[in-house]
Amino acid sequence: MNKDSALLAYVMRLGDNALVLGQRMIELVAAYPELEEELANANFALDYLGQARMFYTYAGDLEGKGRSEDDFAFLRDEHEFRNLLLLEQPNGHFGDSITKLVLFELFYFAQLEALVGCEDARVAEIAARAEKEIRYHLRHNTQWLVRLGDGTEESHRRVQESVNALWRYTGEMFEADEIDTIVERAWGGPNLGELRGRWLADIDAILINATLDMPESGWMASGGKAGRHTEHLGYMIAEMQYLQRSHPGASW
Amino acid sequence: MVAATYSRDEILRWLGQVADPEIPVLSITDLGIVRDVDVGDRVTVALSPTYSGCPATEVIEKSVLDALHDHGVDDVEIKRVLSPPWTTDWITDAGREKLRNYGIAPPERGAGKRALLRGERKVACPRCASTATERVSEFGSTACKASYRCSECLEPFEYFKCI
């Protein structure tokens, strides 16, 4: 794999992460029992969709085959998506959603911060835009994790279960494969080992604040970055892609 | 090709009449998203999106094309500029005044990492200017606003968040 194809693959992953998480959040639109959280979720989902569009549009330019953001979102099959397994997991309850966001966004924020300084100008500028948004998300979502963990007996128990259940999907974020390695060396991208150290310190501090236990390190699931997904992604994209699949080329 | 019969200042003045679709008292120049105008063989307008997913982005681009078309400028290219990312610090003083008159508290200046991480300091009520205000919700009717209430005059109002 050369420098350019690694960059394209990397940008596609960034787009897939943003789209898949954004789509999961959209499933919750109009489902919140409380207006503030309803608006927070919808606004955050919109940020992810916007970021996905920017990454996909750039991927289309890099690829040079005339594929658009919509082609990437609606006309690819499950095995062609390269998002993290964590992000395709079903929403579950509110504690599950918040936990998923905090686990991912602590990583994503550090990834974006590193990409702001990378050698590809377009990735750097998209990262600079997105970083500001994720900073805002984290402020909100971290508060919730602490509130739930340090809340009632029931909220504490349930969000501890969320952390335990989702923990196994966090290892994949820091597994450097060929694409990560080339982007780090040839484009000045993030070093995943460094990101992991920082992430562990951050999540440790938050969990202590939330009176939650950090799960013991154990078996970690992976495969999303190589297109091997859990059963959940297929159902999600089937719904997401329904219109374009049934009515090819439909537009409004 | 007919020689350009309009100047850069004229184009900027016309762009100053294009309203932001979500906060129509503000023009896109008040908002600070017009980054550059270049009058050459064709007119190039560089715009910055506010938020990545701002649904107004496409509407604004179309409004710019329409507004220039109304003034006889048809060969227009719109460039999206991401870097440096838009910040509420670019909202002009005139824009801030218009926001206040419209009932929206303008964003604090200096939208640094501090404001983003720690939250806002004092938000003054756009109606009575009291700083005895409380945040009702960190989110509002659009991605860029939060909901507040004034403890003095008891009116609810929106606050344009710093970013």
# chains A, B, ... in the order shown; residues from 1 in each chain; ligands from 1

call {"tool": "select_by_dssp", "arguments": {"residues": "segment 28-77 of chain B", "states": "strand (DSSP E or B)", "output": "list of chain:residue names"}}
result
B:Val34, B:Arg35, B:Asp36, B:Val37, B:Asp38, B:Val39, B:Val43, B:Thr44, B:Val45, B:Ala46, B:Leu47, B:Val76, B:Glu77

call {"tool": "closest_atom_pairs", "arguments": {"of": "chain B", "to": "chain A", "cutoff": "8 Å", "atoms": "only C-alpha atoms", "output": "JSON lines"}}
result
{"residue": "B:Tyr51", "atom": "CA", "partner": "A:Asp47", "partner_atom": "CA", "distance": 7.0}
{"residue": "B:Ser52", "atom": "CA", "partner": "A:Gly50", "partner_atom": "CA", "distance": 4.4}
{"residue": "B:Gly53", "atom": "CA", "partner": "A:Gly50", "partner_atom": "CA", "distance": 3.6}
{"residue": "B:Cys54", "atom": "CA", "partner": "A:Gly50", "partner_atom": "CA", "distance": 7.2}
{"residue": "B:Leu82", "atom": "CA", "partner": "A:Glu125", "partner_atom": "CA", "distance": 5.8}
{"residue": "B:Ser83", "atom": "CA", "partner": "A:Glu125", "partner_atom": "CA", "distance": 5.2}
{"residue": "B:Pro84", "atom": "CA", "partner": "A:Glu125", "partner_atom": "CA", "distance": 7.1}
{"residue": "B:Pro85", "atom": "CA", "partner": "A:Arg129", "partner_atom": "CA", "distance": 5.3}
{"residue": "B:Trp86", "atom": "CA", "partner": "A:Arg129", "partner_atom": "CA", "distance": 7.9}
{"residue": "B:Leu116", "atom": "CA", "partner": "A:Tyr136", "partner_atom": "CA", "distance": 6.1}
{"residue": "B:Leu117", "atom": "CA", "partner": "A:Arg139", "partner_atom": "CA", "distance": 6.2}
{"residue": "B:Ser137", "atom": "CA", "partner": "A:Glu36", "partner_atom": "CA", "distance": 5.6}
{"residue": "B:Glu138", "atom": "CA", "partner": "A:Glu36", "partner_atom": "CA", "distance": 7.1}
{"residue": "B:Phe139", "atom": "CA", "partner": "A:Ala40", "partner_atom": "CA", "distance": 5.9}
{"residue": "B:Gly140", "atom": "CA", "partner": "A:Leu39", "partner_atom": "CA", "distance": 6.7}
{"residue": "B:Ser141", "atom": "CA", "partner": "A:Leu39", "partner_atom": "CA", "distance": 7.7}
{"residue": "B:Thr142", "atom": "CA", "partner": "A:Asn43", "partner_atom": "CA", "distance": 7.7}
{"residue": "B:Ala143", "atom": "CA", "partner": "A:Asn43", "partner_atom": "CA", "distance": 5.4}
{"residue": "B:Ile163", "atom": "CA", "partner": "A:Lys132", "partner_atom": "CA", "distance": 7.0}

call {"tool": "write_last_selection", "arguments": {"atoms": "C-alpha atoms", "output": "mmCIF file, in the first residue's frame"}}
result
data_model
loop_
_atom_site.group_PDB
_atom_site.id
_atom_site.type_symbol
_atom_site.label_atom_id
_atom_site.label_comp_id
_atom_site.auth_asym_id
_atom_site.auth_seq_id
_atom_site.Cartn_x
_atom_site.Cartn_y
_atom_site.Cartn_z
ATOM 1 C CA TYR B 51 -20.867 24.205 12.014
ATOM 2 C CA SER B 52 -19.972 21.080 9.991
ATOM 3 C CA GLY B 53 -23.550 19.974 9.834
ATOM 4 C CA CYS B 54 -25.181 23.376 9.591
ATOM 5 C CA LEU B 82 -12.708 25.515 6.235
ATOM 6 C CA SER B 83 -9.456 26.876 7.517
ATOM 7 C CA PRO B 84 -9.161 28.603 9.861
ATOM 8 C CA PRO B 85 -12.498 27.397 11.225
ATOM 9 C CA TRP B 86 -15.242 29.960 11.720
ATOM 10 C CA LEU B 116 -15.762 25.882 25.198
ATOM 11 C CA LEU B 117 -14.597 23.821 28.112
ATOM 12 C CA SER B 137 -30.697 24.449 28.481
ATOM 13 C CA GLU B 138 -27.287 24.272 26.903
ATOM 14 C CA PHE B 139 -29.080 23.642 23.615
ATOM 15 C CA GLY B 140 -31.659 25.601 21.707
ATOM 16 C CA SER B 141 -33.687 25.875 18.538
ATOM 17 C CA THR B 142 -30.570 25.718 16.375
ATOM 18 C CA ALA B 143 -27.137 24.195 16.906
ATOM 19 C CA ILE B 163 -17.471 28.438 19.389
#

call {"tool": "atom_distance", "arguments": {"atom1": "atom CA of Leu31 of chain B", "atom2": "atom CA of Thr57 of chain B"}}
result
12.7 Å

call {"tool": "residues_around", "arguments": {"residues": "Lys79 of chain B", "least_positions_apart": "5", "cutoff": "9 Å", "atoms": "only C-alpha atoms", "output": "PyMOL selection string"}}
result
chain B and resi 44-48

call {"tool": "write_last_selection", "arguments": {"atoms": "N, CA and C atoms", "output": "PDB file, in the first residue's frame"}}
result
ATOM      1  N   THR B  44     -15.600  35.146  -7.559  1.00  0.00           N
ATOM      2  CA  THR B  44     -15.433  34.040  -6.630  1.00  0.00           C
ATOM      3  C   THR B  44     -15.749  34.534  -5.219  1.00  0.00           C
ATOM      4  N   VAL B  45     -16.659  33.825  -4.571  1.00  0.00           N
ATOM      5  CA  VAL B  45     -17.022  34.183  -3.206  1.00  0.00           C
ATOM      6  C   VAL B  45     -16.599  33.037  -2.303  1.00  0.00           C
ATOM      7  N   ALA B  46     -15.759  33.333  -1.332  1.00  0.00           N
ATOM      8  CA  ALA B  46     -15.320  32.293  -0.395  1.00  0.00           C
ATOM      9  C   ALA B  46     -16.157  32.390   0.871  1.00  0.00           C
ATOM     10  N   LEU B  47     -16.793  31.286   1.241  1.00  0.00           N
ATOM     11  CA  LEU B  47     -17.652  31.247   2.431  1.00  0.00           C
ATOM     12  C   LEU B  47     -17.163  30.178   3.397  1.00  0.00           C
ATOM     13  N   SER B  48     -17.320  30.443   4.687  1.00  0.00           N
ATOM     14  CA  SER B  48     -16.987  29.444   5.710  1.00  0.00           C
ATOM     15  C   SER B  48     -18.262  28.911   6.323  1.00  0.00           C
TER      16      SER B  48
END

call {"tool": "residues_around", "arguments": {"residues": "segment 203-210 of chain A", "least_positions_apart": "4", "cutoff": "9 Å", "atoms": "only C-alpha atoms", "output": "PyMOL selection string"}}
result
chain A and resi 102-103+106+142+145-151+156+198-199+214

call {"tool": "residues_around", "arguments": {"residues": "Arg76 of chain A", "least_positions_apart": "5", "cutoff": "12 Å", "atoms": "only C-alpha atoms", "output": "VMD selection string"}}
result
chain A and resid 12 16 67 to 71 81 to 82 227 234 237 to 238 240 to 241 244 to 245

call {"tool": "closest_residue", "arguments": {"among": "A:Arg185, A:Arg13, A:Arg24, A:His232", "to": "Cys118 of chain A", "atoms": "only C-alpha atoms"}}
result
A:Arg185

call {"tool": "residues_around", "arguments": {"residues": "Trp90 of chain B", "least_positions_apart": "5", "cutoff": "12 Å", "atoms": "only C-alpha atoms", "output": "PyMOL selection string"}}
result
chain B and resi 28-35+48+50+84-85+95-96+106-111+162-163

call {"tool": "residues_around", "arguments": {"residues": "segment 61-66 of chain B", "least_positions_apart": "2", "cutoff": "10 Å", "atoms": "only C-alpha atoms", "output": "short mmCIF file (atom, residue, chain, number, x, y, z; two decimals) with C-alpha atoms, in the first residue's frame"}}
result
data_model
loop_
_atom_site.label_atom_id
_atom_site.label_comp_id
_atom_site.auth_asym_id
_atom_site.auth_seq_id
_atom_site.Cartn_x
_atom_site.Cartn_y
_atom_site.Cartn_z
CA TRP B 14 -24.93 43.03 -2.17
CA LEU B 15 -23.74 40.13 -0.03
CA GLY B 16 -24.51 42.32 2.98
CA GLN B 17 -28.16 42.02 2.00
CA VAL B 18 -28.18 38.22 2.05
CA ALA B 19 -29.86 37.12 5.27
CA ASP B 20 -28.83 34.16 7.37
CA PRO B 21 -31.79 31.76 6.98
CA ILE B 28 -23.94 36.75 6.05
CA VAL B 45 -17.02 34.18 -3.21
CA LEU B 47 -17.65 31.25 2.43
CA ALA B 56 -28.15 26.45 6.37
CA THR B 57 -24.92 26.05 4.39
CA GLU B 58 -26.58 25.04 1.12
CA VAL B 59 -29.38 27.57 1.54
CA LEU B 68 -25.75 38.23 -7.32
CA HIS B 69 -27.90 37.04 -10.19
CA ASP B 70 -30.44 39.75 -9.32
CA HIS B 71 -27.67 42.28 -9.83
CA GLY B 72 -26.70 40.78 -13.16
CA VAL B 73 -23.73 38.78 -11.94
CA ASP B 74 -24.13 35.30 -13.34
CA ASP B 75 -20.67 33.81 -13.50
CA VAL B 76 -20.14 33.08 -9.84
CA GLU B 77 -18.09 30.43 -8.14
CA ILE B 78 -18.59 29.65 -4.47
CA LYS B 79 -15.68 28.23 -2.54
CA ARG B 80 -16.07 26.65 0.86
#

call {"tool": "atom_distance", "arguments": {"atom1": "atom CA of Leu28 of chain A", "atom2": "atom CA of Tyr169 of chain A"}}
result
21.4 Å

call {"tool": "closest_residue", "arguments": {"among": "B:Ser7, B:Ser130, B:Asp89, B:Val81", "to": "Arg42 of chain B", "atoms": "only C-alpha atoms"}}
result
B:Ser7

call {"tool": "closest_residue", "arguments": {"among": "B:Tyr159, B:Val123, B:Glu134, B:Thr87", "to": "Ala146 of chain B", "atoms": "only C-alpha atoms"}}
result
B:Tyr159

call {"tool": "atom_distance", "arguments": {"atom1": "atom CA of Phe74 of chain A", "atom2": "atom CA of Val29 of chain A"}}
result
20.3 Å

call {"tool": "select_by_dssp", "arguments": {"residues": "segment 122-195 of chain A", "states": "alpha helix (DSSP H)", "output": "number ranges by chain"}}
result
A: 122-149, 153-166, 178-187, 192-195
